Amino acid sequence: MSFLEMLDVLNEGLINKGEEPVVFDHDCREGICGTCSLQINGEPHGPDRLITTCQLHMRMFKDGDTIIIEPFRAKAFPVIKDLVVDRTSFDRIQQAGGYISVNTSGNTIDANTIPINKHDADESFNSATCIGCGACVAACKNASAMLFTSAKVSQFALLPQGRIEATERVLNMVAQMDKEGFGNCSNTGACEIECPKGISLENIARMNREYLGASLKG
Ligand code: SF4
Ligand code: FES
């Protein structure tokens with residue numbers, strides 16, 4: 001049984017008894033959407049590695065274990081109800097610069113005609129695998145969103161299509177991250193350990209270089 005199926009069983013029992021079910025977030029249940037965000041026994045997405053809560057199985061626990069489930073904790077993730085938090089702060093960081101502008105007036109260049117070396121393409125793809133779950137924030141004692149934001153900056157920074165708006169992108173996304181109330185990077189690397197997609201701390205280093213370069217230009 002998966003962890004979320006266990007919660008389904010719990011809720012069926014509560015509903016059958018006429019009690020309120022426990023509210024929790026989920027959608028794809030296959031590690032893609034990033035909505036299933038639970039702090040399980042003190043760890044975002046629970047005790048297993050490189051998986052989301054929906055990919056966690058009850059075989060990771062022993063019979064009779066007490067399991068403590070909490071919502072992700074961060075000032076920028078206010079609790080909506082029970083185990084559901086509001087992560088629209090991530091959406092606003094994305095909206096501040098997590099996009100590229102493409103001329104679609106008939107002169108659009110076919111993306112396949114722009115050569116990109118394999119290393120950069122692979123690194124960009126790795127950064128793009130961030131699912132915006134928020135585990136990095138929940139794992140950080142400062143509730144920093146540096147790993148998330150740096151992944152979103154990096155996926156464009158590594159591609160020629162992303163260079164056009166690179167300066168304003170990094171400045172605006174970092175400004176929005178600060179405005180939302182996320183803390184500073186604690187340099188402990190807890191975010192990388194708890195990230196279900198293995199997003200590397202190298203993304204933070206890249207974002208810092210991008211930010212420094214952009215600040216000097218400004
Ligand atoms: S960097 Fe990892 S932990 Fe943070 S939001 Fe992206 S996928 Fe989740
Ligand atoms: S429900 Fe979509 S990642 Fe878990």
# chains A, B, ... in the order shown; residues from 1 in each chain; ligands from 1

call {"tool": "closest_atom_pairs", "arguments": {"of": "chain A", "to": "ligand 1", "cutoff": "6 Å", "atoms": "only C-alpha atoms and all ligand atoms", "output": "tab-separated table"}}
result
residue	atom	partner	partner_atom_place_in_ligand_line	distance
A:Cys130	CA	ligand 1	6 (Fe)	3.8
A:Ile131	CA	ligand 1	7 (S)	4.5
A:Gly132	CA	ligand 1	5 (S)	3.5
A:Cys133	CA	ligand 1	8 (Fe)	3.9
A:Gly134	CA	ligand 1	5 (S)	4.1
A:Ala135	CA	ligand 1	3 (S)	4.0
A:Cys136	CA	ligand 1	3 (S)	4.0
A:Leu147	CA	ligand 1	1 (S)	4.9
A:Phe148	CA	ligand 1	1 (S)	4.1
A:Cys195	CA	ligand 1	3 (S)	3.7
A:Pro196	CA	ligand 1	2 (Fe)	5.7
A:Lys197	CA	ligand 1	7 (S)	5.1
A:Ile199	CA	ligand 1	1 (S)	5.4

call {"tool": "residues_around", "arguments": {"residues": "Lys179 in chain A", "least_positions_apart": "4", "cutoff": "10 Å", "atoms": "only C-alpha atoms", "output": "list in words"}}
result
Ala76, Ser89, Ile93, Met173, Val174 and Ala175 of chain A

call {"tool": "write_last_selection", "arguments": {"atoms": "all heavy atoms", "output": "PDB file, in the first residue's frame"}}
result
ATOM      1  N   ALA A  76       6.213  31.287   4.099  1.00  0.00           N
ATOM      2  CA  ALA A  76       5.715  31.536   2.738  1.00  0.00           C
ATOM      3  C   ALA A  76       4.768  30.433   2.245  1.00  0.00           C
ATOM      4  O   ALA A  76       4.273  30.501   1.119  1.00  0.00           O
ATOM      5  CB  ALA A  76       6.892  31.668   1.777  1.00  0.00           C
ATOM      6  N   SER A  89       3.154  30.970  -3.606  1.00  0.00           N
ATOM      7  CA  SER A  89       4.371  31.807  -3.609  1.00  0.00           C
ATOM      8  C   SER A  89       5.347  31.295  -4.679  1.00  0.00           C
ATOM      9  O   SER A  89       6.036  32.081  -5.331  1.00  0.00           O
ATOM     10  CB  SER A  89       5.031  31.803  -2.230  1.00  0.00           C
ATOM     11  OG  SER A  89       5.161  30.491  -1.738  1.00  0.00           O
ATOM     12  N   ILE A  93       6.949  33.331  -7.980  1.00  0.00           N
ATOM     13  CA  ILE A  93       8.372  33.378  -8.345  1.00  0.00           C
ATOM     14  C   ILE A  93       8.522  33.014  -9.822  1.00  0.00           C
ATOM     15  O   ILE A  93       9.245  33.667 -10.570  1.00  0.00           O
ATOM     16  CB  ILE A  93       9.210  32.423  -7.452  1.00  0.00           C
ATOM     17  CG1 ILE A  93       9.212  32.925  -6.004  1.00  0.00           C
ATOM     18  CG2 ILE A  93      10.644  32.322  -7.974  1.00  0.00           C
ATOM     19  CD1 ILE A  93       9.870  31.963  -5.009  1.00  0.00           C
ATOM     20  N   MET A 173      13.312  37.138 -10.219  1.00  0.00           N
ATOM     21  CA  MET A 173      12.914  35.929  -9.484  1.00  0.00           C
ATOM     22  C   MET A 173      13.470  35.942  -8.061  1.00  0.00           C
ATOM     23  O   MET A 173      12.785  35.556  -7.113  1.00  0.00           O
ATOM     24  CB  MET A 173      13.342  34.670 -10.250  1.00  0.00           C
ATOM     25  CG  MET A 173      12.536  34.468 -11.530  1.00  0.00           C
ATOM     26  SD  MET A 173      12.977  32.986 -12.460  1.00  0.00           S
ATOM     27  CE  MET A 173      12.052  31.720 -11.589  1.00  0.00           C
ATOM     28  N   VAL A 174      14.713  36.401  -7.904  1.00  0.00           N
ATOM     29  CA  VAL A 174      15.287  36.483  -6.550  1.00  0.00           C
ATOM     30  C   VAL A 174      14.545  37.545  -5.726  1.00  0.00           C
ATOM     31  O   VAL A 174      14.252  37.329  -4.550  1.00  0.00           O
ATOM     32  CB  VAL A 174      16.811  36.766  -6.619  1.00  0.00           C
ATOM     33  CG1 VAL A 174      17.368  37.114  -5.252  1.00  0.00           C
ATOM     34  CG2 VAL A 174      17.545  35.552  -7.197  1.00  0.00           C
ATOM     35  N   ALA A 175      14.203  38.669  -6.358  1.00  0.00           N
ATOM     36  CA  ALA A 175      13.466  39.718  -5.638  1.00  0.00           C
ATOM     37  C   ALA A 175      12.112  39.183  -5.165  1.00  0.00           C
ATOM     38  O   ALA A 175      11.687  39.427  -4.023  1.00  0.00           O
ATOM     39  CB  ALA A 175      13.273  40.934  -6.544  1.00  0.00           C
TER      40      ALA A 175
END

call {"tool": "residues_near_ligand", "arguments": {"ligand": "ligand 2", "cutoff": "12 Å", "atoms": "only C-alpha atoms and all ligand atoms", "output": "PyMOL selection string"}}
result
chain A and resi 2-5+24-38+45+50-56+129-135+195-197

call {"tool": "write_last_selection", "arguments": {"atoms": "C-alpha atoms", "output": "PDB file, in the first residue's frame"}}
result
ATOM      1  CA  SER A   2       1.254   3.476  -0.809  1.00  0.00           C
ATOM      2  CA  PHE A   3       1.371   6.207   1.826  1.00  0.00           C
ATOM      3  CA  LEU A   4      -1.499   8.102   0.202  1.00  0.00           C
ATOM      4  CA  GLU A   5      -3.582   4.902  -0.041  1.00  0.00           C
ATOM      5  CA  PHE A  24      -4.230  16.374   2.156  1.00  0.00           C
ATOM      6  CA  ASP A  25      -2.965  17.421  -1.270  1.00  0.00           C
ATOM      7  CA  HIS A  26      -2.443  15.019  -4.193  1.00  0.00           C
ATOM      8  CA  ASP A  27      -3.043  14.808  -7.910  1.00  0.00           C
ATOM      9  CA  CYS A  28      -0.951  12.610 -10.230  1.00  0.00           C
ATOM     10  CA  ARG A  29       0.148  10.049  -7.609  1.00  0.00           C
ATOM     11  CA  GLU A  30       3.161   9.216  -9.794  1.00  0.00           C
ATOM     12  CA  GLY A  31       5.829  11.740  -8.784  1.00  0.00           C
ATOM     13  CA  ILE A  32       5.121  14.332 -11.458  1.00  0.00           C
ATOM     14  CA  CYS A  33       2.840  17.099 -10.207  1.00  0.00           C
ATOM     15  CA  GLY A  34       4.539  17.969  -6.918  1.00  0.00           C
ATOM     16  CA  THR A  35       1.339  18.488  -4.934  1.00  0.00           C
ATOM     17  CA  CYS A  36       1.693  15.651  -2.409  1.00  0.00           C
ATOM     18  CA  SER A  37       3.779  17.495   0.145  1.00  0.00           C
ATOM     19  CA  LEU A  38       3.887  15.990   3.600  1.00  0.00           C
ATOM     20  CA  HIS A  45       8.328  13.184   1.584  1.00  0.00           C
ATOM     21  CA  LEU A  50      14.503  10.548  -4.431  1.00  0.00           C
ATOM     22  CA  ILE A  51      10.767   9.969  -4.245  1.00  0.00           C
ATOM     23  CA  THR A  52       7.659  12.022  -3.548  1.00  0.00           C
ATOM     24  CA  THR A  53       5.129  11.233  -0.824  1.00  0.00           C
ATOM     25  CA  CYS A  54       2.864   9.508  -3.370  1.00  0.00           C
ATOM     26  CA  GLN A  55       5.739   7.138  -4.254  1.00  0.00           C
ATOM     27  CA  LEU A  56       6.393   6.258  -0.608  1.00  0.00           C
ATOM     28  CA  THR A 129      12.944  18.178 -13.585  1.00  0.00           C
ATOM     29  CA  CYS A 130      12.105  20.270 -10.482  1.00  0.00           C
ATOM     30  CA  ILE A 131       8.405  19.655  -9.813  1.00  0.00           C
ATOM     31  CA  GLY A 132       7.920  22.607  -7.460  1.00  0.00           C
ATOM     32  CA  CYS A 133       6.969  20.408  -4.521  1.00  0.00           C
ATOM     33  CA  GLY A 134       8.526  22.615  -1.840  1.00  0.00           C
ATOM     34  CA  ALA A 135      10.441  19.877  -0.017  1.00  0.00           C
ATOM     35  CA  CYS A 195      14.687  16.823  -3.024  1.00  0.00           C
ATOM     36  CA  PRO A 196      12.714  14.010  -4.722  1.00  0.00           C
ATOM     37  CA  LYS A 197      14.224  14.906  -8.106  1.00  0.00           C
TER      38      LYS A 197
END

call {"tool": "closest_residue", "arguments": {"among": "A:Cys140, A:Cys185, A:Ile80, A:Val153", "to": "Ala128 in chain A", "atoms": "only C-alpha atoms"}}
result
A:Val153

call {"tool": "residues_around", "arguments": {"residues": "Asn11 in chain A", "least_positions_apart": "6", "cutoff": "10 Å", "atoms": "only C-alpha atoms", "output": "list in words"}}
result
Glu5, Lys17, Glu19, Glu20, Pro21, Val22 and Val23 of chain A

call {"tool": "write_last_selection", "arguments": {"atoms": "N, CA, C and O atoms", "output": "mmCIF file, in the first residue's frame"}}
result
data_model
loop_
_atom_site.group_PDB
_atom_site.id
_atom_site.type_symbol
_atom_site.label_atom_id
_atom_site.label_comp_id
_atom_site.auth_asym_id
_atom_site.auth_seq_id
_atom_site.Cartn_x
_atom_site.Cartn_y
_atom_site.Cartn_z
ATOM 1 N N GLU A 5 -2.489 5.889 -0.183
ATOM 2 C CA GLU A 5 -3.582 4.902 -0.041
ATOM 3 C C GLU A 5 -3.878 4.657 1.431
ATOM 4 O O GLU A 5 -5.032 4.470 1.815
ATOM 5 N N LYS A 17 -17.460 6.755 10.075
ATOM 6 C CA LYS A 17 -17.852 7.054 11.468
ATOM 7 C C LYS A 17 -18.553 8.409 11.581
ATOM 8 O O LYS A 17 -18.859 8.878 12.675
ATOM 9 N N GLU A 19 -17.154 11.262 10.797
ATOM 10 C CA GLU A 19 -16.198 12.297 11.201
ATOM 11 C C GLU A 19 -15.564 12.957 9.973
ATOM 12 O O GLU A 19 -15.632 12.426 8.865
ATOM 13 N N GLU A 20 -14.944 14.089 10.208
ATOM 14 C CA GLU A 20 -14.275 14.846 9.126
ATOM 15 C C GLU A 20 -13.037 14.102 8.635
ATOM 16 O O GLU A 20 -12.211 13.683 9.455
ATOM 17 N N PRO A 21 -12.869 13.940 7.318
ATOM 18 C CA PRO A 21 -11.619 13.344 6.826
ATOM 19 C C PRO A 21 -10.440 14.313 6.988
ATOM 20 O O PRO A 21 -10.644 15.511 7.124
ATOM 21 N N VAL A 22 -9.232 13.759 6.975
ATOM 22 C CA VAL A 22 -8.024 14.589 7.036
ATOM 23 C C VAL A 22 -7.746 15.122 5.631
ATOM 24 O O VAL A 22 -7.684 14.347 4.671
ATOM 25 N N VAL A 23 -7.593 16.437 5.518
ATOM 26 C CA VAL A 23 -7.395 17.029 4.194
ATOM 27 C C VAL A 23 -5.914 16.983 3.822
ATOM 28 O O VAL A 23 -5.055 17.413 4.588
#

call {"tool": "residues_around", "arguments": {"residues": "range 159-167 of chain A", "least_positions_apart": "5", "cutoff": "8 Å", "atoms": "only C-alpha atoms", "output": "list in words"}}
result
Ile100, Ile116, Asp120, Ala121, Ser124, Glu210, Tyr211, Gly213 and Ala214 of chain A

call {"tool": "closest_residue", "arguments": {"among": "A:Val85, A:Leu14, A:Ile114, A:Cys191", "to": "Ala139 in chain A", "atoms": "only C-alpha atoms"}}
result
A:Cys191

call {"tool": "select_by_dssp", "arguments": {"residues": "range 14-129 of chain A", "states": "helix (DSSP H, G or I)", "output": "number ranges by chain"}}
result
A: 14-16, 53-55, 58-60, 88-95, 111-113, 118-128

call {"tool": "closest_residue", "arguments": {"among": "A:Asn112, A:Ser144, A:Pro47, A:Asn16", "to": "Arg73 in chain A", "atoms": "only C-alpha atoms"}}
result
A:Ser144

call {"tool": "atom_distance", "arguments": {"atom1": "CA of Met58 in chain A", "atom2": "CA of Lys81 in chain A"}}
result
24.1 Å
